[in-house]
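Student: Can you read through this structure? Questions will come right after.
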Amino acid sequence: MNRPVVLSLGSVNVDFQVRIDGTPEFGTTLLGRDFRRLGGGKAANVAFLARRLDVAAQLLARVGDDDLSEHALAPLREIGVDLARTSAVQGHSTGVALIAVPPDGQKTIILAGNANEAWTRDDASEVVLAIERAPRGSVLVVDYEIAGFVVEQAVEAASRRGLPVVLDPAPPDRVDWRLLPRIAVVVPDASETEHLTGIAIDDLAAGARAAGILLERGAQAACVKLKGGGCVLAQAEQTVHVAPVPVEVIDTTGAGDAFAGALAVALLEQRPMVEAACFAAAASLLAVAGYGSQPAYPTRADLEEVARQLEARTEILHQK
Ligand code: RIB
């Protein structure tokens, strides 16, 4: 198999999702509705999105040895994600995310990582092997909802092979800064950016400043995702604003994973960075317009159409 692959390393979960009408408070009960049990997890969502766009994808992840694992893996298997490097950890539960979606769509997630945290040194060596054997032109996407040492070894292996790495720095308190010089594109959201740089992303100028700091710390490119959609893309030679088109926000769950997955697909297809950022931002905008992560992910045709609209709206903020 010589077709390049999106290698997706990170979490795979079952998402238990409800809509709520109020704001949760500790010590109280809130009624939920529209319950769904969905396949989720950041790496699983990335791999699903890549397959939705008809690109080969392999998931590098761990599930438990329980009945939930099948709920997490079935949608991935169905869409054709390669699960040869996704294995079950004996004596552990599959990762579980409890997700509440209020009327404005800005979800809250409580995550029990479970098997996602149960990696051994041998498992990490398997990941390194998968990266070493991946077809030329493949792209690695990583998140930090798994044991950090696995992410670090994977990034080092990809760097030795010259494969681009997309880093979703979530959760941000786990990120090892020393990895940034090995990262092709880091893709934090506004709150992760604030955590990583100390800059509150209240406006475009703040987003551009923070993206610049991520470049100074070694990333080849930084895409800071903005609260209302769109992003700031900083590269050595220029900083660009990808302005969003208006969409009705139903549920933001998995929008960041759609961004990372679409960006990886665009890099694999060797698109120029600005075009890749528009493609990623379009995937994220379309993902928020539906309920749940994977069920809301767009088709290639819809994605290309919105990406074209975004390309027409890009604005250069700074040029060297
Ligand atoms: O980014 C959304 C994902 O984060 C959910 O699918 C959930 O499982 C958590 O990992």
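Every chain in the structure tokens has a letter given in the order shown (A, B, ...), and although residue numbers restart at 1 in each chain, ligands are simply numbered from 1 in the order shown.
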Would you give me, as a PyMOL selection string, the residues in segment 170-243 of chain A that DSSP reads as strand (DSSP E)?

Tutor: chain A and resi 185-186+221-225+231-235+238-242

Student: Which residues are close to Val14 of chain A, i.e. within 8 Å by only C-alpha atoms, leaving aside same-chain residues fewer than 6 positions away? Reply as a CSV table (one decimal) with N, CA and C atoms, in the first residue's frame.

Tutor:
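The result, written out as selection.csv:
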```csv
chain,number,residue,atom,x,y,z
A,37,ARG,N,-25.6,8.2,21.8
A,37,ARG,CA,-24.3,7.5,22.2
A,37,ARG,C,-23.5,7.3,20.9
A,38,LEU,N,-22.4,8.1,20.8
A,38,LEU,CA,-21.7,8.2,19.5
A,38,LEU,C,-20.3,7.8,19.6
A,39,GLY,N,-19.7,7.4,18.5
A,39,GLY,CA,-18.2,7.2,18.5
A,39,GLY,C,-17.6,8.6,18.6
A,40,GLY,N,-16.5,8.7,19.4
A,40,GLY,CA,-15.9,10.0,19.5
A,40,GLY,C,-14.4,9.8,19.9
A,41,GLY,N,-13.8,10.9,20.5
A,41,GLY,CA,-12.4,10.9,20.8
A,41,GLY,C,-11.7,11.7,19.6
A,68,LEU,N,-18.1,-1.3,25.4
A,68,LEU,CA,-18.1,0.1,24.8
A,68,LEU,C,-17.2,0.2,23.6
A,69,SER,N,-16.1,-0.7,23.6
A,69,SER,CA,-15.1,-0.5,22.6
A,69,SER,C,-15.8,-0.6,21.2
A,71,HIS,N,-18.8,0.2,20.3
A,71,HIS,CA,-19.5,1.4,20.0
A,71,HIS,C,-18.5,2.5,19.5
A,72,ALA,N,-17.3,2.5,20.0
A,72,ALA,CA,-16.3,3.5,19.6
A,72,ALA,C,-15.8,3.2,18.2
A,94,THR,N,-13.1,1.4,28.0
A,94,THR,CA,-12.9,2.3,26.9
A,94,THR,C,-13.1,3.8,27.4
A,95,GLY,N,-12.4,4.7,26.8
A,95,GLY,CA,-12.6,6.1,27.1
A,95,GLY,C,-14.1,6.6,27.0
A,96,VAL,N,-14.5,7.4,27.9
A,96,VAL,CA,-15.9,7.9,27.9
A,96,VAL,C,-15.9,9.4,28.0
A,97,ALA,N,-16.7,10.1,27.2
A,97,ALA,CA,-16.9,11.5,27.3
A,97,ALA,C,-18.4,11.8,27.5
```

Student: Would you kindly return, as a ChimeraX atom specification, each protein, DNA or RNA residue with an atom no farther than 6 Å from any atom of Val150 of chain A, considering only C-alpha atoms and excluding same-chain residues fewer than 3 positions away?

Tutor: /A:124,147,153

Student: Would you work out the distance separating atom CA of Ala112 of chain A from atom CA of Ile199 of chain A, expressed in Å to one decimal?

Tutor: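 If I compute the distance from atom CA of Ala112 of chain A to atom CA of Ile199 of chain A, I get 28.8 Å.
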
Student: Contacts between ligand 1 and chain A, please, where a residue of chain A counts if it comes within 9 Å (with only C-alpha atoms and all ligand atoms); show its shortest atom pair and distance in Å to one decimal, rows by chain and ascending number, as a Markdown table.

Tutor:
```
| residue | atom | partner | partner_atom_place_in_ligand_line | distance |
| --- | --- | --- | --- | --- |
| A:Gly10 | CA | ligand 1 | 10 (O) | 8.8 |
| A:Ser11 | CA | ligand 1 | 10 (O) | 6.0 |
| A:Val12 | CA | ligand 1 | 8 (O) | 6.6 |
| A:Asn13 | CA | ligand 1 | 8 (O) | 4.8 |
| A:Val14 | CA | ligand 1 | 8 (O) | 6.2 |
| A:Asp15 | CA | ligand 1 | 8 (O) | 5.3 |
| A:Phe16 | CA | ligand 1 | 8 (O) | 8.7 |
| A:Leu38 | CA | ligand 1 | 6 (O) | 8.1 |
| A:Gly39 | CA | ligand 1 | 6 (O) | 7.0 |
| A:Gly40 | CA | ligand 1 | 6 (O) | 3.5 |
| A:Gly41 | CA | ligand 1 | 8 (O) | 3.4 |
| A:Lys42 | CA | ligand 1 | 10 (O) | 4.7 |
| A:Ala43 | CA | ligand 1 | 10 (O) | 7.9 |
| A:Ala44 | CA | ligand 1 | 6 (O) | 7.8 |
| A:Asn45 | CA | ligand 1 | 6 (O) | 6.6 |
| A:Gly95 | CA | ligand 1 | 8 (O) | 7.7 |
| A:Val96 | CA | ligand 1 | 8 (O) | 6.6 |
| A:Ala97 | CA | ligand 1 | 8 (O) | 4.9 |
| A:Leu98 | CA | ligand 1 | 7 (C) | 7.9 |
| A:Ile99 | CA | ligand 1 | 7 (C) | 7.7 |
| A:Ile109 | CA | ligand 1 | 9 (C) | 7.0 |
| A:Ile110 | CA | ligand 1 | 9 (C) | 8.3 |
| A:Leu111 | CA | ligand 1 | 9 (C) | 6.7 |
| A:Gly113 | CA | ligand 1 | 10 (O) | 8.3 |
| A:Glu145 | CA | ligand 1 | 10 (O) | 7.0 |
| A:Ala170 | CA | ligand 1 | 1 (O) | 8.8 |
| A:Thr252 | CA | ligand 1 | 2 (C) | 8.3 |
| A:Thr253 | CA | ligand 1 | 2 (C) | 5.0 |
| A:Gly254 | CA | ligand 1 | 2 (C) | 3.8 |
| A:Ala255 | CA | ligand 1 | 1 (O) | 6.7 |
| A:Gly256 | CA | ligand 1 | 1 (O) | 6.0 |
| A:Asp257 | CA | ligand 1 | 1 (O) | 5.6 |
| A:Ala258 | CA | ligand 1 | 1 (O) | 8.6 |
| A:Gly292 | CA | ligand 1 | 6 (O) | 8.0 |
| A:Ser293 | CA | ligand 1 | 6 (O) | 6.1 |
| A:Gln294 | CA | ligand 1 | 6 (O) | 8.0 |
```

Student: Determine the nearest neighbour of Ala184 of chain A from the options A:Glu305, A:Ile213, A:Met273, A:Ala74, counting only C-alpha atoms.

Tutor: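 Distance minimum relative to Ala184 of chain A lands on A:Met273.
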
Student: Name the residues in contact with Ser191 of chain A at a cut-off of 12 Å, using only C-alpha atoms, excluding same-chain residues fewer than 5 positions from it; report them as a list in words.

Tutor: Pro169, Ala170, Pro171, Pro172, Asp173, Leu196, Thr197, Gly198, Ile199, Ala200, Ile201, Asp202, Gly207, Ala210, Val224, Lys225, Leu226 and Lys227 of chain A

Student: Which residues are near Arg182 of chain A? Cut-off 8 Å, only C-alpha atoms, ignore same chain within fewer than 4 positions. Put them as a PyMOL selection string.

Tutor: chain A and resi 155-156+159+165+218-219

Student: Separation of atom CA of Gly64 of chain A and atom CA of Val101 of chain A, in Å?

Tutor: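 Result for atom CA of Gly64 of chain A versus atom CA of Val101 of chain A: 26.2 Å, one decimal.
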
Student: Of the candidates A:Glu192, A:Pro102, A:Leu317, A:Pro272, which shows the shortest atom-to-atom distance to Arg209 of chain A, using only C-alpha atoms?

Tutor: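 Under the stated criterion, the closest residue is A:Leu317.
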
Student: Counting only C-alpha atoms, which of A:Pro24, A:Trp119, A:Ala56, A:Val187 gets nearest to Asn2 of chain A?

Tutor: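 The closest residue to Asn2 of chain A is A:Ala56.
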
Student: Hey, which of A:His318, A:Arg174, A:Arg271, A:Arg217 ends up closest to Val232 of chain A? Count only C-alpha atoms.

Tutor: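 Among the listed residues, the smallest separation from Val232 of chain A belongs to A:His318.
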